[in-house]
Amino acid sequence: MIYLKHGILAGAIMLAAMMTSLHQAHAQPCEQESFEEANYVVCTLEPGKADLRLFWKNADGVAYRTLSSLAEAVPAEGRVLARAVNAGMYRADFSPMGLYVENARELQPANTTKAESSAGQVPNFYKKPNGVFFLGEAGAAILPTDEFLKHRPKVRFATQSGPMLVIANKLNPIFIVGSTDRTRRSGVGVCDGGAVRFAISEDGVNFHDFARLFRDHLKCPDALFLDGGRGVGLYNPEMGRNDWSWHGGYGPIFGLVE
């Protein structure tokens with residue numbers, strides 16, 4: 001009997017260790033990092049180990065708007081929302097500003113409008129080049145919008161935003177070193193080994209420094225700006241984060257489903 005108890009106990013310990021190891025292998029961690037005196041939250045999704053999706057509207061055709069609303073809806077399919085971030089800029093009705101593809105269905109066409117500057121400022125979405133993040137047969141990728149429309153890769157999910165931060169390992173040349181245009185910013189990069197990294201600045205940073213975070217610190221040869229200021233948002237229960245957009249809500253949302 002003693003040997004049996006010991007065997008059961010040992011088996012339970014081994015099973016617990018295996019489950020812990022499995023969870024750690026599939027966990028997609030978010031970590032607090034610093035780069036050149038600015039603080040960030042960086043979430044890494046390893047290729048093949050993450051069910052990353054895009055969300056916009058619920059079953060009733062209404063925009064989710066809040067990250068918590070999405071978190072409440074996902075369990076209906078027996079899954080859990082592990083992480084979520086704003087997936088790009090949106091209009092007052094919470095519709096995506098540009099291309100939006102969900103489950104291989106194009107719900108919004110690409111936006112190729114050339115915006116006129118207002119008081120010397122071009123809205124961020126229209127700063128060139130802007131780009132498209134997409135998930136296709138070969139995994140995640142980011143292309144400038146013109147390149148994406150030229151090749152029209154087959155995609156399951158896609159979102160258009162702008163400007164591009166890093167293009168083929170080069171910083172977007174429109175960025176100004178030492179710019180005083182500093183605010184909180186969020187972006188996504190496709191990095192070494194195909195990993196997808198989301199970064200949210202906790203401090204005000206300019207575009208040049210934010211782009212360098214992706215290229216030089218996170219090793220992402222391609223990266224795309226998602227949003228800034230009051231539109232930055234993160235859902236991460238482990239970090240106690242369930243951010244709210246002061247625009248009244250979010251439009252498209254990236255969600256990691258487990």
# chains A, B, ... in the order shown; residues from 1 in each chain; ligands from 1
>>> residues_around(residues="Ala141 (chain A)", least_positions_apart="5", cutoff="8 Å", atoms="only C-alpha atoms", output="VMD selection string")
chain A and resid 133 to 136 190 222
>>> residues_around(residues="region 149-157 of chain A", least_positions_apart="6", cutoff="9 Å", atoms="only C-alpha atoms", output="list in words")
Arg53, Leu54, Tyr100, Val101, Glu102, Asn103, Ala104, Arg105, Glu106, Ala110, Phe133, Phe134, Leu135, Gly136 and Glu137 of chain A
>>> closest_atom_pairs(of="region 94-195 of chain A", to="region 203-221 of chain A", cutoff="6 Å", atoms="only C-alpha atoms", output="JSON lines")
{"residue": "A:Leu165", "atom": "CA", "partner": "A:Ala211", "partner_atom": "CA", "distance": 5.0}
{"residue": "A:Ala168", "atom": "CA", "partner": "A:Pro221", "partner_atom": "CA", "distance": 5.2}
{"residue": "A:Asn169", "atom": "CA", "partner": "A:Pro221", "partner_atom": "CA", "distance": 4.0}
{"residue": "A:Phe175", "atom": "CA", "partner": "A:His208", "partner_atom": "CA", "distance": 5.2}
{"residue": "A:Val177", "atom": "CA", "partner": "A:His208", "partner_atom": "CA", "distance": 5.9}
{"residue": "A:Asp181", "atom": "CA", "partner": "A:Asn206", "partner_atom": "CA", "distance": 5.5}
{"residue": "A:Arg182", "atom": "CA", "partner": "A:Val205", "partner_atom": "CA", "distance": 4.4}
{"residue": "A:Thr183", "atom": "CA", "partner": "A:Gly204", "partner_atom": "CA", "distance": 3.7}
{"residue": "A:Arg184", "atom": "CA", "partner": "A:Gly204", "partner_atom": "CA", "distance": 4.6}
{"residue": "A:Gly189", "atom": "CA", "partner": "A:Cys220", "partner_atom": "CA", "distance": 5.6}
{"residue": "A:Val190", "atom": "CA", "partner": "A:Cys220", "partner_atom": "CA", "distance": 5.5}
{"residue": "A:Cys191", "atom": "CA", "partner": "A:Cys220", "partner_atom": "CA", "distance": 3.7}
>>> write_last_selection(atoms="N, CA and C atoms", output="PDB file, in the first residue's frame")
ATOM      1  N   LEU A 165       6.795  51.556 -39.242  1.00  0.00           N
ATOM      2  CA  LEU A 165       7.885  51.963 -38.366  1.00  0.00           C
ATOM      3  C   LEU A 165       9.231  51.497 -38.909  1.00  0.00           C
ATOM      4  N   ALA A 168      11.925  46.403 -43.948  1.00  0.00           N
ATOM      5  CA  ALA A 168      13.104  45.635 -44.369  1.00  0.00           C
ATOM      6  C   ALA A 168      14.353  46.066 -43.591  1.00  0.00           C
ATOM      7  N   ASN A 169      14.182  46.190 -42.283  1.00  0.00           N
ATOM      8  CA  ASN A 169      15.249  46.506 -41.333  1.00  0.00           C
ATOM      9  C   ASN A 169      15.756  47.948 -41.422  1.00  0.00           C
ATOM     10  N   PHE A 175      10.825  59.829 -40.233  1.00  0.00           N
ATOM     11  CA  PHE A 175      10.948  60.102 -38.806  1.00  0.00           C
ATOM     12  C   PHE A 175      12.104  61.059 -38.525  1.00  0.00           C
ATOM     13  N   VAL A 177      14.877  62.547 -35.908  1.00  0.00           N
ATOM     14  CA  VAL A 177      15.649  62.293 -34.694  1.00  0.00           C
ATOM     15  C   VAL A 177      15.420  63.436 -33.709  1.00  0.00           C
ATOM     16  N   ASP A 181       7.529  65.451 -30.682  1.00  0.00           N
ATOM     17  CA  ASP A 181       6.194  64.845 -30.751  1.00  0.00           C
ATOM     18  C   ASP A 181       6.232  63.526 -29.981  1.00  0.00           C
ATOM     19  N   ARG A 182       6.003  63.621 -28.684  1.00  0.00           N
ATOM     20  CA  ARG A 182       6.147  62.459 -27.812  1.00  0.00           C
ATOM     21  C   ARG A 182       4.804  62.150 -27.153  1.00  0.00           C
ATOM     22  N   THR A 183       4.405  60.887 -27.255  1.00  0.00           N
ATOM     23  CA  THR A 183       3.183  60.417 -26.616  1.00  0.00           C
ATOM     24  C   THR A 183       3.304  58.915 -26.406  1.00  0.00           C
ATOM     25  N   ARG A 184       2.343  58.324 -25.720  1.00  0.00           N
ATOM     26  CA  ARG A 184       2.326  56.863 -25.611  1.00  0.00           C
ATOM     27  C   ARG A 184       1.986  56.297 -26.988  1.00  0.00           C
ATOM     28  N   GLY A 189       5.437  44.189 -34.441  1.00  0.00           N
ATOM     29  CA  GLY A 189       6.545  43.833 -35.312  1.00  0.00           C
ATOM     30  C   GLY A 189       6.566  42.346 -35.604  1.00  0.00           C
ATOM     31  N   VAL A 190       7.039  41.992 -36.790  1.00  0.00           N
ATOM     32  CA  VAL A 190       7.330  40.594 -37.113  1.00  0.00           C
ATOM     33  C   VAL A 190       8.847  40.472 -37.049  1.00  0.00           C
ATOM     34  N   CYS A 191       9.315  39.598 -36.160  1.00  0.00           N
ATOM     35  CA  CYS A 191      10.695  39.667 -35.713  1.00  0.00           C
ATOM     36  C   CYS A 191      11.468  38.396 -36.047  1.00  0.00           C
TER      37      CYS A 191
END
>>> residues_around(residues="Ala50 (chain A)", least_positions_apart="2", cutoff="8 Å", atoms="only C-alpha atoms", output="PyMOL selection string")
chain A and resi 26+28+45-48+52+256-258
>>> select_by_dssp(residues="region 26-235 of chain A", states="alpha helix (DSSP H)", output="compact mmCIF listing (two decimals) with all heavy atoms, in the first residue's frame")
# COMPACT_ATOMS: atom_id res chain seq x y z
N HIS A 26 3.46 27.01 -24.12
CA HIS A 26 2.48 27.69 -24.95
C HIS A 26 2.14 29.08 -24.42
O HIS A 26 1.37 29.80 -25.05
CB HIS A 26 1.21 26.84 -25.05
CG HIS A 26 1.40 25.61 -25.88
ND1 HIS A 26 1.23 25.61 -27.25
CD2 HIS A 26 1.78 24.36 -25.55
CE1 HIS A 26 1.49 24.41 -27.73
NE2 HIS A 26 1.82 23.63 -26.72
N LEU A 67 -12.22 46.05 -24.43
CA LEU A 67 -11.49 44.79 -24.35
C LEU A 67 -12.21 43.80 -23.44
O LEU A 67 -12.20 42.60 -23.69
CB LEU A 67 -10.07 45.06 -23.86
CG LEU A 67 -9.28 46.08 -24.70
CD1 LEU A 67 -7.89 46.30 -24.10
CD2 LEU A 67 -9.17 45.64 -26.15
N SER A 68 -12.86 44.32 -22.41
CA SER A 68 -13.60 43.43 -21.51
C SER A 68 -14.81 42.83 -22.19
O SER A 68 -15.19 41.68 -21.90
CB SER A 68 -14.02 44.19 -20.24
OG SER A 68 -14.75 45.35 -20.56
N SER A 69 -15.45 43.55 -23.11
CA SER A 69 -16.59 42.99 -23.85
C SER A 69 -16.14 41.80 -24.70
O SER A 69 -16.83 40.79 -24.78
CB SER A 69 -17.22 44.05 -24.76
OG SER A 69 -17.84 45.07 -24.00
N LEU A 70 -14.97 41.93 -25.31
CA LEU A 70 -14.43 40.83 -26.08
C LEU A 70 -14.10 39.65 -25.17
O LEU A 70 -14.39 38.49 -25.49
CB LEU A 70 -13.18 41.27 -26.84
CG LEU A 70 -12.46 40.20 -27.66
CD1 LEU A 70 -13.40 39.57 -28.69
CD2 LEU A 70 -11.24 40.79 -28.34
N ALA A 71 -13.52 39.95 -24.00
CA ALA A 71 -13.17 38.89 -23.05
C ALA A 71 -14.41 38.13 -22.59
O ALA A 71 -14.35 36.91 -22.35
CB ALA A 71 -12.44 39.48 -21.86
N GLU A 72 -15.53 38.81 -22.48
CA GLU A 72 -16.78 38.16 -22.05
C GLU A 72 -17.40 37.34 -23.17
O GLU A 72 -18.13 36.38 -22.90
CB GLU A 72 -17.77 39.23 -21.59
CG GLU A 72 -17.36 39.93 -20.30
CD GLU A 72 -18.18 41.18 -20.02
OE1 GLU A 72 -19.12 41.45 -20.81
OE2 GLU A 72 -17.89 41.87 -19.02
N ALA A 73 -17.10 37.67 -24.43
CA ALA A 73 -17.71 36.97 -25.56
C ALA A 73 -16.97 35.70 -25.95
O ALA A 73 -17.58 34.72 -26.38
CB ALA A 73 -17.78 37.91 -26.77
N THR A 145 1.45 49.15 -47.66
CA THR A 145 0.14 48.93 -48.29
C THR A 145 0.26 48.73 -49.80
O THR A 145 -0.39 47.83 -50.36
CB THR A 145 -0.80 50.10 -47.97
OG1 THR A 145 -0.97 50.18 -46.54
CG2 THR A 145 -2.16 49.92 -48.62
N ASP A 146 1.05 49.54 -50.47
CA ASP A 146 1.19 49.40 -51.93
C ASP A 146 1.71 48.02 -52.31
O ASP A 146 1.26 47.42 -53.29
CB ASP A 146 2.12 50.48 -52.48
CG ASP A 146 1.50 51.88 -52.43
OD1 ASP A 146 0.27 51.97 -52.18
OD2 ASP A 146 2.23 52.86 -52.63
N GLU A 147 2.67 47.51 -51.53
CA GLU A 147 3.22 46.19 -51.81
C GLU A 147 2.18 45.10 -51.56
O GLU A 147 2.06 44.13 -52.31
CB GLU A 147 4.46 45.93 -50.95
CG GLU A 147 5.69 46.68 -51.40
CD GLU A 147 6.18 46.21 -52.77
OE1 GLU A 147 6.37 44.99 -52.94
OE2 GLU A 147 6.36 47.06 -53.65
N PHE A 148 1.43 45.27 -50.49
CA PHE A 148 0.40 44.28 -50.17
C PHE A 148 -0.64 44.23 -51.30
O PHE A 148 -1.03 43.14 -51.74
CB PHE A 148 -0.28 44.63 -48.86
CG PHE A 148 -1.38 43.69 -48.46
CD1 PHE A 148 -1.11 42.56 -47.70
CD2 PHE A 148 -2.70 43.92 -48.86
CE1 PHE A 148 -2.12 41.67 -47.35
CE2 PHE A 148 -3.72 43.04 -48.52
CZ PHE A 148 -3.43 41.91 -47.76
N LEU A 149 -1.08 45.38 -51.77
CA LEU A 149 -2.09 45.41 -52.83
C LEU A 149 -1.54 44.92 -54.16
O LEU A 149 -2.28 44.37 -54.98
CB LEU A 149 -2.63 46.83 -52.97
CG LEU A 149 -3.41 47.37 -51.75
CD1 LEU A 149 -3.83 48.80 -51.98
CD2 LEU A 149 -4.62 46.49 -51.44
N LYS A 150 -0.25 45.07 -54.35
CA LYS A 150 0.38 44.58 -55.59
C LYS A 150 0.39 43.05 -55.63
O LYS A 150 0.10 42.44 -56.66
CB LYS A 150 1.81 45.13 -55.68
CG LYS A 150 2.57 44.64 -56.91
CD LYS A 150 3.98 45.22 -56.91
CE LYS A 150 4.79 44.70 -58.09
NZ LYS A 150 6.18 45.26 -58.08
N HIS A 151 0.70 42.44 -54.49
CA HIS A 151 0.85 40.98 -54.45
C HIS A 151 -0.42 40.27 -54.01
O HIS A 151 -0.60 39.09 -54.32
CB HIS A 151 2.01 40.60 -53.54
CG HIS A 151 3.33 41.12 -54.00
ND1 HIS A 151 3.99 40.61 -55.10
CD2 HIS A 151 4.12 42.12 -53.53
CE1 HIS A 151 5.13 41.26 -55.28
NE2 HIS A 151 5.23 42.19 -54.34
N PHE A 207 8.31 58.96 -32.79
CA PHE A 207 8.29 57.87 -33.76
C PHE A 207 9.67 57.26 -33.99
O PHE A 207 9.81 56.04 -34.11
CB PHE A 207 7.71 58.36 -35.10
CG PHE A 207 6.22 58.25 -35.20
CD1 PHE A 207 5.44 59.37 -35.43
CD2 PHE A 207 5.59 57.02 -35.09
CE1 PHE A 207 4.06 59.27 -35.55
CE2 PHE A 207 4.21 56.91 -35.20
CZ PHE A 207 3.44 58.04 -35.43
N HIS A 208 10.68 58.10 -34.05
CA HIS A 208 12.03 57.61 -34.33
C HIS A 208 12.49 56.65 -33.25
O HIS A 208 13.01 55.55 -33.54
CB HIS A 208 13.00 58.78 -34.46
CG HIS A 208 14.38 58.38 -34.89
ND1 HIS A 208 15.36 58.04 -33.98
CD2 HIS A 208 14.93 58.23 -36.12
CE1 HIS A 208 16.47 57.73 -34.64
NE2 HIS A 208 16.24 57.82 -35.93
N ASP A 209 12.29 57.03 -32.00
CA ASP A 209 12.73 56.18 -30.89
C ASP A 209 11.88 54.91 -30.81
O ASP A 209 12.39 53.84 -30.48
CB ASP A 209 12.66 56.95 -29.58
CG ASP A 209 13.66 58.10 -29.53
OD1 ASP A 209 14.57 58.13 -30.37
OD2 ASP A 209 13.50 58.98 -28.65
N PHE A 210 10.59 55.04 -31.11
CA PHE A 210 9.70 53.88 -31.06
C PHE A 210 10.09 52.88 -32.15
O PHE A 210 10.09 51.66 -31.92
CB PHE A 210 8.25 54.33 -31.23
CG PHE A 210 7.23 53.28 -30.89
CD1 PHE A 210 7.33 52.53 -29.73
CD2 PHE A 210 6.15 53.06 -31.72
CE1 PHE A 210 6.38 51.56 -29.40
CE2 PHE A 210 5.19 52.10 -31.42
CZ PHE A 210 5.31 51.35 -30.25
N ALA A 211 10.43 53.38 -33.32
CA ALA A 211 10.86 52.50 -34.40
C ALA A 211 12.16 51.79 -34.05
O ALA A 211 12.35 50.60 -34.35
CB ALA A 211 11.02 53.30 -35.69
N ARG A 212 13.06 52.52 -33.40
CA ARG A 212 14.34 51.91 -33.00
C ARG A 212 14.13 50.82 -31.95
O ARG A 212 14.90 49.85 -31.89
CB ARG A 212 15.30 52.97 -32.48
CG ARG A 212 15.88 53.86 -33.59
CD ARG A 212 17.05 54.69 -33.11
NE ARG A 212 18.11 53.83 -32.62
CZ ARG A 212 18.51 53.79 -31.35
NH1 ARG A 212 17.93 54.58 -30.44
NH2 ARG A 212 19.48 52.99 -30.97
>>> select_by_dssp(residues="region 52-234 of chain A", states="strand (DSSP E)", output="ChimeraX atom specification")
/A:52-55,81-86,100-102,105-108,131-136,139-144,155-161,164-167,170-171,185-190,196-201,222-228,234
>>> residues_around(residues="region 242-246 of chain A", least_positions_apart="5", cutoff="7 Å", atoms="only C-alpha atoms", output="PyMOL selection string")
chain A and resi 66-68+230-231+233-236
>>> residues_around(residues="region 55-59 of chain A", least_positions_apart="6", cutoff="9 Å", atoms="only C-alpha atoms", output="ChimeraX atom specification")
/A:65,70,73,87,94-96,102,250-255
>>> residues_around(residues="Glu33 (chain A)", least_positions_apart="2", cutoff="10 Å", atoms="only C-alpha atoms", output="list in words")
Cys30, Glu31, Phe35, Glu37, Ala38, Asn39, Tyr40, Val41, Val42, Ala199, Ser201, Glu202 and His217 of chain A
>>> atom_distance(atom1="CA of Pro29 (chain A)", atom2="CA of Phe125 (chain A)")
28.6 Å
>>> closest_residue(among="A:Pro237, A:Lys128, A:Phe225, A:Ile200", to="Ser34 (chain A)", atoms="only C-alpha atoms")
A:Ile200
